[in-house]
Each structure stands twice: as C-alpha cells, then as structure tokens.
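K.L.:
I'm passing along upload.tsv; it holds TSV, N, CA and C atoms.
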```
chain	number	residue	atom	x	y	z
A	1	GLN	N	6.41	-17.63	-8.50
A	1	GLN	CA	6.26	-17.09	-7.16
A	1	GLN	C	6.42	-15.57	-7.21
A	2	VAL	N	5.49	-14.87	-6.62
A	2	VAL	CA	5.53	-13.41	-6.59
A	2	VAL	C	6.35	-12.95	-5.40
A	3	GLN	N	7.24	-12.00	-5.64
A	3	GLN	CA	8.00	-11.39	-4.55
A	3	GLN	C	7.78	-9.88	-4.58
A	4	LEU	N	7.56	-9.33	-3.40
A	4	LEU	CA	7.33	-7.90	-3.27
A	4	LEU	C	8.36	-7.32	-2.30
A	5	VAL	N	8.99	-6.22	-2.68
A	5	VAL	CA	10.02	-5.61	-1.84
A	5	VAL	C	9.75	-4.12	-1.72
A	6	GLU	N	9.47	-3.69	-0.49
A	6	GLU	CA	9.18	-2.28	-0.23
A	6	GLU	C	10.45	-1.50	0.08
A	7	SER	N	10.39	-0.21	-0.18
A	7	SER	CA	11.46	0.70	0.19
A	7	SER	C	10.88	2.11	0.31
A	8	GLY	N	11.67	3.01	0.85
A	8	GLY	CA	11.26	4.41	0.90
A	8	GLY	C	10.77	4.90	2.25
A	9	GLY	N	10.67	4.01	3.22
A	9	GLY	CA	10.24	4.45	4.54
A	9	GLY	C	11.30	5.30	5.21
A	10	GLY	N	10.93	5.90	6.33
A	10	GLY	CA	11.89	6.73	7.06
A	10	GLY	C	11.19	7.53	8.14
A	11	SER	N	11.91	8.50	8.67
A	11	SER	CA	11.38	9.36	9.73
A	11	SER	C	11.24	10.77	9.20
A	12	VAL	N	10.06	11.34	9.41
A	12	VAL	CA	9.79	12.71	8.96
A	12	VAL	C	9.01	13.44	10.04
A	13	GLN	N	8.99	14.75	9.94
A	13	GLN	CA	8.17	15.55	10.84
A	13	GLN	C	6.77	15.67	10.27
A	14	ALA	N	5.84	15.95	11.14
A	14	ALA	CA	4.46	16.14	10.72
A	14	ALA	C	4.38	17.21	9.64
A	15	GLY	N	3.57	16.94	8.64
A	15	GLY	CA	3.46	17.84	7.51
A	15	GLY	C	4.37	17.49	6.35
A	16	GLY	N	5.31	16.59	6.60
A	16	GLY	CA	6.26	16.20	5.57
A	16	GLY	C	5.70	15.17	4.61
A	17	SER	N	6.56	14.73	3.70
A	17	SER	CA	6.15	13.78	2.66
A	17	SER	C	7.16	12.64	2.55
A	18	LEU	N	6.66	11.50	2.10
A	18	LEU	CA	7.48	10.35	1.76
A	18	LEU	C	6.85	9.66	0.57
A	19	ARG	N	7.68	8.97	-0.22
A	19	ARG	CA	7.16	8.13	-1.28
A	19	ARG	C	7.68	6.71	-1.07
A	20	LEU	N	6.74	5.80	-0.89
A	20	LEU	CA	7.07	4.40	-0.76
A	20	LEU	C	7.05	3.74	-2.14
A	21	SER	N	7.94	2.77	-2.31
A	21	SER	CA	7.99	2.00	-3.54
A	21	SER	C	7.89	0.51	-3.22
A	22	CYS	N	7.31	-0.23	-4.13
A	22	CYS	CA	7.20	-1.68	-3.98
A	22	CYS	C	7.56	-2.31	-5.32
A	23	GLY	N	8.71	-2.97	-5.36
A	23	GLY	CA	9.12	-3.66	-6.57
A	23	GLY	C	8.54	-5.05	-6.59
A	24	ALA	N	7.94	-5.42	-7.72
A	24	ALA	CA	7.29	-6.72	-7.84
A	24	ALA	C	8.00	-7.59	-8.86
A	25	SER	N	8.19	-8.85	-8.54
A	25	SER	CA	8.74	-9.80	-9.49
A	25	SER	C	7.86	-11.04	-9.51
A	26	GLY	N	7.92	-11.79	-10.62
A	26	GLY	CA	7.06	-12.94	-10.76
A	26	GLY	C	5.76	-12.54	-11.44
A	27	TYR	N	4.94	-13.53	-11.70
A	27	TYR	CA	3.70	-13.27	-12.43
A	27	TYR	C	2.60	-12.77	-11.50
A	28	ILE	N	2.08	-11.59	-11.81
A	28	ILE	CA	0.94	-11.04	-11.09
A	28	ILE	C	-0.20	-10.95	-12.07
A	29	GLY	N	-1.25	-11.68	-11.82
A	29	GLY	CA	-2.37	-11.75	-12.74
A	29	GLY	C	-3.06	-10.41	-12.92
A	30	SER	N	-3.68	-10.25	-14.07
A	30	SER	CA	-4.34	-8.99	-14.40
A	30	SER	C	-5.56	-8.73	-13.53
A	31	ARG	N	-6.08	-9.75	-12.86
A	31	ARG	CA	-7.23	-9.56	-11.99
A	31	ARG	C	-6.82	-9.21	-10.55
A	32	TYR	N	-5.53	-9.17	-10.30
A	32	TYR	CA	-5.07	-8.86	-8.96
A	32	TYR	C	-5.21	-7.37	-8.67
A	33	LEU	N	-5.46	-7.08	-7.42
A	33	LEU	CA	-5.27	-5.73	-6.92
A	33	LEU	C	-3.87	-5.64	-6.31
A	34	MET	N	-3.29	-4.46	-6.42
A	34	MET	CA	-2.07	-4.15	-5.69
A	34	MET	C	-2.45	-3.15	-4.61
A	35	ALA	N	-1.92	-3.34	-3.42
A	35	ALA	CA	-2.39	-2.52	-2.31
A	35	ALA	C	-1.27	-2.18	-1.34
A	36	TRP	N	-1.53	-1.16	-0.57
A	36	TRP	CA	-0.70	-0.80	0.57
A	36	TRP	C	-1.51	-0.97	1.85
A	37	PHE	N	-0.90	-1.61	2.81
A	37	PHE	CA	-1.47	-1.76	4.13
A	37	PHE	C	-0.51	-1.15	5.14
A	38	ARG	N	-0.99	-0.91	6.34
A	38	ARG	CA	-0.11	-0.47	7.41
A	38	ARG	C	-0.55	-1.11	8.72
A	39	GLN	N	0.42	-1.22	9.60
A	39	GLN	CA	0.13	-1.80	10.91
A	39	GLN	C	0.97	-1.08	11.96
A	40	ALA	N	0.26	-0.46	12.90
A	40	ALA	CA	0.91	0.19	14.03
A	40	ALA	C	0.98	-0.80	15.18
A	41	PRO	N	1.91	-0.60	16.11
A	41	PRO	CA	2.04	-1.53	17.24
A	41	PRO	C	0.73	-1.66	18.01
A	42	GLY	N	0.32	-2.89	18.25
A	42	GLY	CA	-0.88	-3.14	19.01
A	42	GLY	C	-2.18	-2.97	18.23
A	43	LYS	N	-2.06	-2.70	16.93
A	43	LYS	CA	-3.26	-2.50	16.12
A	43	LYS	C	-3.31	-3.52	14.99
A	44	GLU	N	-4.50	-3.68	14.42
A	44	GLU	CA	-4.66	-4.59	13.30
A	44	GLU	C	-4.10	-3.97	12.02
A	45	ARG	N	-3.75	-4.83	11.09
A	45	ARG	CA	-3.29	-4.34	9.79
A	45	ARG	C	-4.48	-3.74	9.05
A	46	GLU	N	-4.29	-2.55	8.53
A	46	GLU	CA	-5.40	-1.87	7.86
A	46	GLU	C	-5.03	-1.50	6.43
A	47	GLY	N	-6.03	-1.59	5.56
A	47	GLY	CA	-5.83	-1.21	4.18
A	47	GLY	C	-5.73	0.30	4.05
A	48	VAL	N	-4.76	0.75	3.30
A	48	VAL	CA	-4.54	2.18	3.09
A	48	VAL	C	-5.02	2.60	1.70
A	49	ALA	N	-4.59	1.85	0.69
A	49	ALA	CA	-4.97	2.17	-0.68
A	49	ALA	C	-4.76	0.94	-1.55
A	50	ALA	N	-5.53	0.86	-2.63
A	50	ALA	CA	-5.39	-0.25	-3.57
A	50	ALA	C	-5.61	0.25	-4.98
A	51	LEU	N	-5.12	-0.55	-5.92
A	51	LEU	CA	-5.17	-0.14	-7.32
A	51	LEU	C	-5.35	-1.38	-8.18
A	52	SER	N	-6.22	-1.27	-9.17
A	52	SER	CA	-6.46	-2.41	-10.04
A	52	SER	C	-5.46	-2.41	-11.20
A	53	PHE	N	-5.41	-3.53	-11.90
A	53	PHE	CA	-4.51	-3.69	-13.04
A	53	PHE	C	-4.74	-2.57	-14.05
A	54	GLY	N	-3.67	-1.96	-14.50
A	54	GLY	CA	-3.78	-0.87	-15.45
A	54	GLY	C	-4.26	0.43	-14.81
A	55	SER	N	-4.30	0.44	-13.48
A	55	SER	CA	-4.70	1.65	-12.74
A	55	SER	C	-6.10	2.11	-13.12
A	56	VAL	N	-6.96	1.18	-13.48
A	56	VAL	CA	-8.32	1.54	-13.88
A	56	VAL	C	-9.11	2.05	-12.69
A	57	SER	N	-8.94	1.40	-11.54
A	57	SER	CA	-9.68	1.79	-10.33
A	57	SER	C	-8.71	1.96	-9.17
A	58	THR	N	-9.00	2.93	-8.34
A	58	THR	CA	-8.21	3.12	-7.12
A	58	THR	C	-9.14	3.19	-5.92
A	59	TYR	N	-8.62	2.77	-4.79
A	59	TYR	CA	-9.40	2.72	-3.56
A	59	TYR	C	-8.56	3.31	-2.45
A	60	TYR	N	-9.20	4.10	-1.57
A	60	TYR	CA	-8.48	4.74	-0.49
A	60	TYR	C	-9.26	4.61	0.82
A	61	ALA	N	-8.52	4.47	1.89
A	61	ALA	CA	-9.14	4.55	3.22
A	61	ALA	C	-9.51	5.99	3.51
A	62	ASP	N	-10.59	6.18	4.22
A	62	ASP	CA	-11.05	7.55	4.53
A	62	ASP	C	-9.99	8.35	5.27
A	63	SER	N	-9.21	7.69	6.09
A	63	SER	CA	-8.24	8.40	6.94
A	63	SER	C	-7.11	9.05	6.15
A	64	ILE	N	-6.89	8.64	4.93
A	64	ILE	CA	-5.78	9.18	4.14
A	64	ILE	C	-6.22	9.83	2.83
A	65	LYS	N	-7.50	9.88	2.57
A	65	LYS	CA	-7.98	10.48	1.33
A	65	LYS	C	-7.54	11.93	1.23
A	66	GLY	N	-7.07	12.29	0.04
A	66	GLY	CA	-6.62	13.65	-0.19
A	66	GLY	C	-5.18	13.89	0.21
A	67	ARG	N	-4.58	12.92	0.92
A	67	ARG	CA	-3.18	13.08	1.34
A	67	ARG	C	-2.27	12.05	0.68
A	68	PHE	N	-2.76	10.86	0.45
A	68	PHE	CA	-1.95	9.79	-0.15
A	68	PHE	C	-2.45	9.50	-1.57
A	69	THR	N	-1.52	9.11	-2.43
A	69	THR	CA	-1.86	8.73	-3.79
A	69	THR	C	-1.14	7.44	-4.15
A	70	ILE	N	-1.90	6.46	-4.62
A	70	ILE	CA	-1.33	5.20	-5.07
A	70	ILE	C	-1.19	5.25	-6.59
A	71	SER	N	-0.08	4.73	-7.08
A	71	SER	CA	0.14	4.71	-8.52
A	71	SER	C	1.05	3.53	-8.87
A	72	GLN	N	1.19	3.29	-10.16
A	72	GLN	CA	1.95	2.12	-10.60
A	72	GLN	C	2.69	2.44	-11.88
A	73	ASP	N	3.92	1.99	-11.96
A	73	ASP	CA	4.69	2.04	-13.20
A	73	ASP	C	4.68	0.61	-13.75
A	74	ASN	N	3.80	0.36	-14.70
A	74	ASN	CA	3.64	-1.00	-15.20
A	74	ASN	C	4.88	-1.51	-15.91
A	75	ALA	N	5.58	-0.61	-16.59
A	75	ALA	CA	6.77	-1.03	-17.33
A	75	ALA	C	7.85	-1.53	-16.38
A	76	LYS	N	7.93	-0.93	-15.19
A	76	LYS	CA	8.97	-1.30	-14.24
A	76	LYS	C	8.45	-2.21	-13.14
A	77	ASN	N	7.15	-2.52	-13.17
A	77	ASN	CA	6.54	-3.34	-12.12
A	77	ASN	C	6.80	-2.76	-10.73
A	78	ILE	N	6.56	-1.48	-10.57
A	78	ILE	CA	6.74	-0.81	-9.29
A	78	ILE	C	5.44	-0.15	-8.88
A	79	LEU	N	5.06	-0.37	-7.65
A	79	LEU	CA	3.89	0.26	-7.05
A	79	LEU	C	4.38	1.37	-6.13
A	80	TYR	N	3.71	2.50	-6.16
A	80	TYR	CA	4.12	3.63	-5.34
A	80	TYR	C	3.00	4.04	-4.38
A	81	LEU	N	3.40	4.68	-3.30
A	81	LEU	CA	2.46	5.36	-2.41
A	81	LEU	C	3.08	6.71	-2.06
A	82	GLN	N	2.54	7.76	-2.65
A	82	GLN	CA	2.98	9.11	-2.33
A	82	GLN	C	2.20	9.58	-1.12
A	83	MET	N	2.91	9.93	-0.07
A	83	MET	CA	2.27	10.33	1.18
A	83	MET	C	2.64	11.77	1.50
A	84	ASN	N	1.64	12.62	1.50
A	84	ASN	CA	1.83	14.04	1.80
A	84	ASN	C	1.10	14.40	3.07
A	85	SER	N	1.45	15.55	3.64
A	85	SER	CA	0.80	16.05	4.86
A	85	SER	C	0.74	14.96	5.93
A	86	LEU	N	1.85	14.34	6.16
A	86	LEU	CA	1.90	13.22	7.10
A	86	LEU	C	1.60	13.67	8.52
A	87	LYS	N	0.93	12.78	9.25
A	87	LYS	CA	0.54	13.03	10.63
A	87	LYS	C	1.17	11.97	11.54
A	88	PRO	N	1.33	12.27	12.80
A	88	PRO	CA	1.89	11.27	13.72
A	88	PRO	C	1.10	9.95	13.70
A	89	GLU	N	-0.20	10.03	13.50
A	89	GLU	CA	-1.01	8.82	13.47
A	89	GLU	C	-0.78	7.97	12.22
A	90	ASP	N	0.00	8.48	11.27
A	90	ASP	CA	0.38	7.67	10.11
A	90	ASP	C	1.57	6.76	10.41
A	91	THR	N	2.15	6.92	11.58
A	91	THR	CA	3.29	6.09	11.97
A	91	THR	C	2.89	4.62	12.01
A	92	ALA	N	3.61	3.80	11.26
A	92	ALA	CA	3.29	2.37	11.17
A	92	ALA	C	4.32	1.68	10.28
A	93	MET	N	4.25	0.35	10.28
A	93	MET	CA	4.96	-0.42	9.27
A	93	MET	C	4.03	-0.50	8.06
A	94	TYR	N	4.56	-0.17	6.90
A	94	TYR	CA	3.76	-0.19	5.68
A	94	TYR	C	4.14	-1.40	4.83
A	95	TYR	N	3.11	-2.10	4.36
A	95	TYR	CA	3.30	-3.31	3.59
A	95	TYR	C	2.66	-3.20	2.21
A	96	CYS	N	3.33	-3.77	1.24
A	96	CYS	CA	2.79	-3.91	-0.10
A	96	CYS	C	2.15	-5.29	-0.21
A	97	ALA	N	1.03	-5.39	-0.92
A	97	ALA	CA	0.34	-6.67	-1.05
A	97	ALA	C	-0.22	-6.82	-2.45
A	98	ALA	N	-0.36	-8.07	-2.87
A	98	ALA	CA	-0.97	-8.39	-4.17
A	98	ALA	C	-1.97	-9.51	-3.97
A	99	GLY	N	-3.11	-9.39	-4.63
A	99	GLY	CA	-4.12	-10.45	-4.52
A	99	GLY	C	-5.51	-9.88	-4.69
A	100	CYS	N	-6.41	-10.30	-3.81
A	100	CYS	CA	-7.79	-9.78	-3.80
A	100	CYS	C	-8.43	-9.91	-5.18
A	101	VAL	N	-8.36	-11.13	-5.73
A	101	VAL	CA	-8.92	-11.36	-7.06
A	101	VAL	C	-10.43	-11.30	-6.99
A	102	GLY	N	-11.02	-10.41	-7.76
A	102	GLY	CA	-12.46	-10.29	-7.80
A	102	GLY	C	-13.11	-9.86	-6.50
A	103	CYS	N	-12.39	-9.18	-5.66
A	103	CYS	CA	-12.92	-8.83	-4.34
A	103	CYS	C	-12.75	-7.35	-4.06
A	104	SER	N	-12.87	-6.51	-5.06
A	104	SER	CA	-12.60	-5.09	-4.88
A	104	SER	C	-13.42	-4.47	-3.75
A	105	SER	N	-14.62	-4.99	-3.52
A	105	SER	CA	-15.44	-4.43	-2.44
A	105	SER	C	-14.86	-4.76	-1.08
A	106	SER	N	-13.94	-5.71	-1.02
A	106	SER	CA	-13.31	-6.11	0.23
A	106	SER	C	-11.83	-5.79	0.24
A	107	TRP	N	-11.43	-4.81	-0.51
A	107	TRP	CA	-10.01	-4.55	-0.70
A	107	TRP	C	-9.28	-4.24	0.59
A	108	LYS	N	-10.02	-3.79	1.62
A	108	LYS	CA	-9.37	-3.38	2.86
A	108	LYS	C	-8.95	-4.56	3.75
A	109	PHE	N	-9.39	-5.75	3.41
A	109	PHE	CA	-9.17	-6.88	4.30
A	109	PHE	C	-7.91	-7.66	3.92
A	110	ALA	N	-6.99	-7.73	4.86
A	110	ALA	CA	-5.68	-8.34	4.60
A	110	ALA	C	-5.79	-9.79	4.17
A	111	LEU	N	-6.77	-10.52	4.67
A	111	LEU	CA	-6.90	-11.93	4.33
A	111	LEU	C	-7.18	-12.17	2.86
A	112	GLN	N	-7.60	-11.14	2.15
A	112	GLN	CA	-7.91	-11.28	0.73
A	112	GLN	C	-6.66	-11.33	-0.15
A	113	TYR	N	-5.50	-11.04	0.43
A	113	TYR	CA	-4.28	-10.90	-0.37
A	113	TYR	C	-3.38	-12.12	-0.22
A	114	ASN	N	-2.76	-12.50	-1.35
A	114	ASN	CA	-1.96	-13.71	-1.39
A	114	ASN	C	-0.48	-13.47	-1.10
A	115	TYR	N	-0.01	-12.30	-1.51
A	115	TYR	CA	1.43	-12.03	-1.44
A	115	TYR	C	1.69	-10.75	-0.67
A	116	TRP	N	2.77	-10.77	0.10
A	116	TRP	CA	3.12	-9.64	0.96
A	116	TRP	C	4.62	-9.37	0.90
A	117	GLY	N	4.95	-8.08	1.03
A	117	GLY	CA	6.34	-7.71	1.21
A	117	GLY	C	6.72	-7.76	2.67
A	118	GLN	N	7.97	-7.40	2.95
A	118	GLN	CA	8.48	-7.50	4.32
A	118	GLN	C	8.17	-6.25	5.14
A	119	GLY	N	7.76	-5.18	4.48
A	119	GLY	CA	7.38	-3.96	5.17
A	119	GLY	C	8.50	-2.92	5.22
A	120	THR	N	8.08	-1.67	5.33
A	120	THR	CA	9.02	-0.56	5.50
A	120	THR	C	8.43	0.38	6.54
A	121	GLN	N	9.25	0.82	7.49
A	121	GLN	CA	8.78	1.60	8.62
A	121	GLN	C	8.64	3.07	8.26
A	122	VAL	N	7.52	3.65	8.64
A	122	VAL	CA	7.29	5.10	8.50
A	122	VAL	C	7.04	5.65	9.90
A	123	THR	N	7.82	6.65	10.28
A	123	THR	CA	7.67	7.29	11.59
A	123	THR	C	7.50	8.78	11.39
A	124	VAL	N	6.40	9.32	11.93
A	124	VAL	CA	6.10	10.74	11.79
A	124	VAL	C	6.11	11.36	13.18
A	125	SER	N	6.95	12.33	13.38
A	125	SER	CA	7.06	12.98	14.68
A	125	SER	C	6.32	14.31	14.67
A	126	SER	N	5.81	14.68	15.83
A	126	SER	CA	5.04	15.92	15.93
A	126	SER	C	5.94	17.11	16.24
```
Could you render the structure from this file as structure tokens?

P.N.:
Amino acid sequence: QVQLVESGGGSVQAGGSLRLSCGASGYIGSRYLMAWFRQAPGKEREGVAALSFGSVSTYYADSIKGRFTISQDNAKNILYLQMNSLKPEDTAMYYCAAGCVGCSSSWKFALQYNYWGQGTQVTVSS
C-alpha cells in the first residue's frame, strides 16, 4: 500500500516562496507519475505539475510555469514542489498524488491517480 504525506505548507505574502515535500512509502511502480494537485474552495482539483520516474519528463500547468519546479529525491522517496513568486491565486490545499500509469497526456486529471496524500494548505496574502 502506497502512503503519501505532504508537508511544507503555510502562509506567505505575495512574491514569497515555499517548498512543499511529499514523503512516499510503499511500492511505487516505475511507470507511475508523481504529481502535485491543488484545490481552492469551490473549485475543482487541478493538476499543477507532474514528474515521471527518474525525473525523465516533467509537466507543468500553464498558470505556474516559470514559477514552480517539481523535483524528486529518489534515494529518500521524497517529491518536492518549489514555489516561487507566489500569488494570491495560488492559495489552495495542495495534494501529492501517484499513479497515471501510461497516461502522461492526461496527467492533469485527478481521476488518473491511484494514491493521494492528505494535503497541505498554502495561503498567499496580497
């Protein structure tokens, strides 16, 4: 059974930075994507960034390109999301996910993922 645990959320002012971490335990197949999603109140869960096994491929939502970077420490089984130049519209609960086997073209869709963390809140004030 795969377990994902996020940390690193918090409250920052616009223009600030945060780094989210997701610790993974259990077997995660090499064909899995690891991803970050976010969900603001009253909105659908949206894909933010994803990364393939061995960090061969990365995927980003247009809204965060150039500001967020997804990375992975394979030795420690930790997924990161470095978030710079944060904006108030980045405020949301952020979730780590694993899955999307063979579906890289659909990486943004939450239904493609098998495993989810409990989420960590990010709040950006103006």

K.L.:
If you count all atoms listed in the file, which residues fall within 7 Å of Met93 (chain A), apart from same-chain ones fewer than 6 positions away, as a list in words?

P.N.:
Phe37, Arg38, Gln39, Ala40, Pro41, Gly119, Thr120, Gln121 and Val122 of chain A

K.L.:
Go ahead and save the picked residues with N, CA and C atoms, as an mmCIF file, keeping the file's coordinate frame.

P.N.:
```
data_model
loop_
_atom_site.group_PDB
_atom_site.id
_atom_site.type_symbol
_atom_site.label_atom_id
_atom_site.label_comp_id
_atom_site.auth_asym_id
_atom_site.auth_seq_id
_atom_site.Cartn_x
_atom_site.Cartn_y
_atom_site.Cartn_z
ATOM 1 N N PHE A 37 -0.900 -1.610 2.810
ATOM 2 C CA PHE A 37 -1.470 -1.760 4.130
ATOM 3 C C PHE A 37 -0.510 -1.150 5.140
ATOM 4 N N ARG A 38 -0.990 -0.910 6.340
ATOM 5 C CA ARG A 38 -0.110 -0.470 7.410
ATOM 6 C C ARG A 38 -0.550 -1.110 8.720
ATOM 7 N N GLN A 39 0.420 -1.220 9.600
ATOM 8 C CA GLN A 39 0.130 -1.800 10.910
ATOM 9 C C GLN A 39 0.970 -1.080 11.960
ATOM 10 N N ALA A 40 0.260 -0.460 12.900
ATOM 11 C CA ALA A 40 0.910 0.190 14.030
ATOM 12 C C ALA A 40 0.980 -0.800 15.180
ATOM 13 N N PRO A 41 1.910 -0.600 16.110
ATOM 14 C CA PRO A 41 2.040 -1.530 17.240
ATOM 15 C C PRO A 41 0.730 -1.660 18.010
ATOM 16 N N GLY A 119 7.760 -5.180 4.480
ATOM 17 C CA GLY A 119 7.380 -3.960 5.170
ATOM 18 C C GLY A 119 8.500 -2.920 5.220
ATOM 19 N N THR A 120 8.080 -1.670 5.330
ATOM 20 C CA THR A 120 9.020 -0.560 5.500
ATOM 21 C C THR A 120 8.430 0.380 6.540
ATOM 22 N N GLN A 121 9.250 0.820 7.490
ATOM 23 C CA GLN A 121 8.780 1.600 8.620
ATOM 24 C C GLN A 121 8.640 3.070 8.260
ATOM 25 N N VAL A 122 7.520 3.650 8.640
ATOM 26 C CA VAL A 122 7.290 5.100 8.500
ATOM 27 C C VAL A 122 7.040 5.650 9.900
#
```

K.L.:
Pick out the closest residue to Gly29 (chain A) from this set: A:Gly117, A:Leu86, A:Glu6, A:Phe53. Count all atoms listed in the file.

P.N.:
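Of all the options, A:Phe53 lies closest to Gly29 (chain A).
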
K.L.:
Expressed in Å to a single decimal, how great is the separation between CA of Asn114 (chain A) and CA of Met83 (chain A)?

P.N.:
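Pair CA of Asn114 (chain A) / CA of Met83 (chain A) returns 24.5 Å.
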
K.L.:
Enter the distance from atom C of Val12 (chain A) to atom N of Gln118 (chain A), in Å, rounded to one decimal.

P.N.:
22.0 Å

K.L.:
Which polymer residues have any atom within 6 Å of an atom of Cys100 (chain A), counting only C-alpha atoms, with same-chain residues fewer than 2 positions away left out, as a ChimeraX atom specification?

P.N.:
/A:32-33,103,112-113

K.L.:
How far is it from atom C of Thr69 (chain A) to atom C of Tyr27 (chain A), in Å with one decimal?

P.N.:
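Those two atoms sit 21.8 Å apart.
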
K.L.:
Show which residues sit within 6 Å of Ala50 (chain A), as an NGL selection string. Count all atoms listed in the file, and ignore same-chain residues fewer than 5 positions away.

P.N.:
:A and (34-36 or 57-60)

K.L.:
Write out as number ranges by chain all residues of chain A that DSSP puts in strand (DSSP E) for this structure's backbone.

P.N.:
A: 3-7, 10-13, 18-25, 33-39, 46-52, 58-60, 68-73, 78-83, 92-99, 113-116, 120-125

K.L.:
Could you work out an axis-aligned box for region 48-65 of chain A, taking every atom the file lists and adding 4 Å on each side, and report centre and edge lengths in Å to one decimal, as AutoDock Vina command-line options?

P.N.:
```
--center_x -7.4 --center_y 4.1 --center_z -4.3 --size_x 15.4 --size_y 23.6 --size_z 30.4
```

K.L.:
Got a sec: who's within 8 Å of Ile28 (chain A), counting only N, CA and C atoms, leaving out chain neighbours fewer than 6 positions off, as a tab-separated table (two decimals) with N, CA and C atoms, in the frame of the given file?

P.N.:
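And here's result_17.tsv as it stands now:
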```tsv
chain	number	residue	atom	x	y	z
A	1	GLN	N	6.41	-17.63	-8.50
A	1	GLN	CA	6.26	-17.09	-7.16
A	1	GLN	C	6.42	-15.57	-7.21
A	2	VAL	N	5.49	-14.87	-6.62
A	2	VAL	CA	5.53	-13.41	-6.59
A	2	VAL	C	6.35	-12.95	-5.40
A	98	ALA	N	-0.36	-8.07	-2.87
A	98	ALA	CA	-0.97	-8.39	-4.17
A	98	ALA	C	-1.97	-9.51	-3.97
A	99	GLY	N	-3.11	-9.39	-4.63
A	99	GLY	CA	-4.12	-10.45	-4.52
A	99	GLY	C	-5.51	-9.88	-4.69
```

K.L.:
Can you work out which one of A:Val124, A:Ala97, A:Leu111, A:Leu51 has the shortest atom-to-atom distance to Gln72 (chain A), counting only N, CA and C atoms?

P.N.:
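Among the listed residues, the smallest separation from Gln72 (chain A) belongs to A:Leu51.
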
K.L.:
Pick out the closest residue to Tyr94 (chain A) from this set: A:Arg31, A:Gly9, A:Ala75, A:Lys108. Count only N, CA and C atoms.

P.N.:
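Going through A:Arg31, A:Gly9, A:Ala75, A:Lys108 one by one, the smallest distance to Tyr94 (chain A) is for A:Gly9.
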
K.L.:
Show which residues sit within 7 Å of Ser71 (chain A), as a PyMOL selection string. Count only N, CA and C atoms, and ignore same-chain residues fewer than 6 positions away.

P.N.:
chain A and resi 78-82

K.L.:
Can region 106-118 of chain A be brought up to N, CA, C and O atoms and written out as an mmCIF file, in the frame of the given file?

P.N.:
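The result, stored in rebuild35.cif:
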```cif
data_model
loop_
_atom_site.group_PDB
_atom_site.id
_atom_site.type_symbol
_atom_site.label_atom_id
_atom_site.label_comp_id
_atom_site.auth_asym_id
_atom_site.auth_seq_id
_atom_site.Cartn_x
_atom_site.Cartn_y
_atom_site.Cartn_z
ATOM 1 N N SER A 106 -13.940 -5.710 -1.020
ATOM 2 C CA SER A 106 -13.310 -6.110 0.230
ATOM 3 C C SER A 106 -11.830 -5.790 0.240
ATOM 4 O O SER A 106 -11.054 -6.441 0.948
ATOM 5 N N TRP A 107 -11.430 -4.810 -0.510
ATOM 6 C CA TRP A 107 -10.010 -4.550 -0.700
ATOM 7 C C TRP A 107 -9.280 -4.240 0.590
ATOM 8 O O TRP A 107 -8.065 -4.412 0.680
ATOM 9 N N LYS A 108 -10.020 -3.790 1.620
ATOM 10 C CA LYS A 108 -9.370 -3.380 2.860
ATOM 11 C C LYS A 108 -8.950 -4.560 3.750
ATOM 12 O O LYS A 108 -8.261 -4.372 4.737
ATOM 13 N N PHE A 109 -9.390 -5.750 3.410
ATOM 14 C CA PHE A 109 -9.170 -6.880 4.300
ATOM 15 C C PHE A 109 -7.910 -7.660 3.920
ATOM 16 O O PHE A 109 -7.794 -8.194 2.819
ATOM 17 N N ALA A 110 -6.990 -7.730 4.860
ATOM 18 C CA ALA A 110 -5.680 -8.340 4.600
ATOM 19 C C ALA A 110 -5.790 -9.790 4.170
ATOM 20 O O ALA A 110 -4.971 -10.266 3.366
ATOM 21 N N LEU A 111 -6.770 -10.520 4.670
ATOM 22 C CA LEU A 111 -6.900 -11.930 4.330
ATOM 23 C C LEU A 111 -7.180 -12.170 2.860
ATOM 24 O O LEU A 111 -7.021 -13.285 2.362
ATOM 25 N N GLN A 112 -7.600 -11.140 2.150
ATOM 26 C CA GLN A 112 -7.910 -11.280 0.730
ATOM 27 C C GLN A 112 -6.660 -11.330 -0.150
ATOM 28 O O GLN A 112 -6.749 -11.595 -1.341
ATOM 29 N N TYR A 113 -5.500 -11.040 0.430
ATOM 30 C CA TYR A 113 -4.280 -10.900 -0.370
ATOM 31 C C TYR A 113 -3.380 -12.120 -0.220
ATOM 32 O O TYR A 113 -3.222 -12.680 0.868
ATOM 33 N N ASN A 114 -2.760 -12.500 -1.350
ATOM 34 C CA ASN A 114 -1.960 -13.710 -1.390
ATOM 35 C C ASN A 114 -0.480 -13.470 -1.100
ATOM 36 O O ASN A 114 0.207 -14.347 -0.584
ATOM 37 N N TYR A 115 -0.010 -12.300 -1.510
ATOM 38 C CA TYR A 115 1.430 -12.030 -1.440
ATOM 39 C C TYR A 115 1.690 -10.750 -0.670
ATOM 40 O O TYR A 115 0.966 -9.764 -0.821
ATOM 41 N N TRP A 116 2.770 -10.770 0.100
ATOM 42 C CA TRP A 116 3.120 -9.640 0.960
ATOM 43 C C TRP A 116 4.620 -9.370 0.900
ATOM 44 O O TRP A 116 5.421 -10.286 0.756
ATOM 45 N N GLY A 117 4.950 -8.080 1.030
ATOM 46 C CA GLY A 117 6.340 -7.710 1.210
ATOM 47 C C GLY A 117 6.720 -7.760 2.670
ATOM 48 O O GLY A 117 5.891 -8.087 3.528
ATOM 49 N N GLN A 118 7.970 -7.400 2.950
ATOM 50 C CA GLN A 118 8.480 -7.500 4.320
ATOM 51 C C GLN A 118 8.170 -6.250 5.140
ATOM 52 O O GLN A 118 8.315 -6.258 6.359
#
```
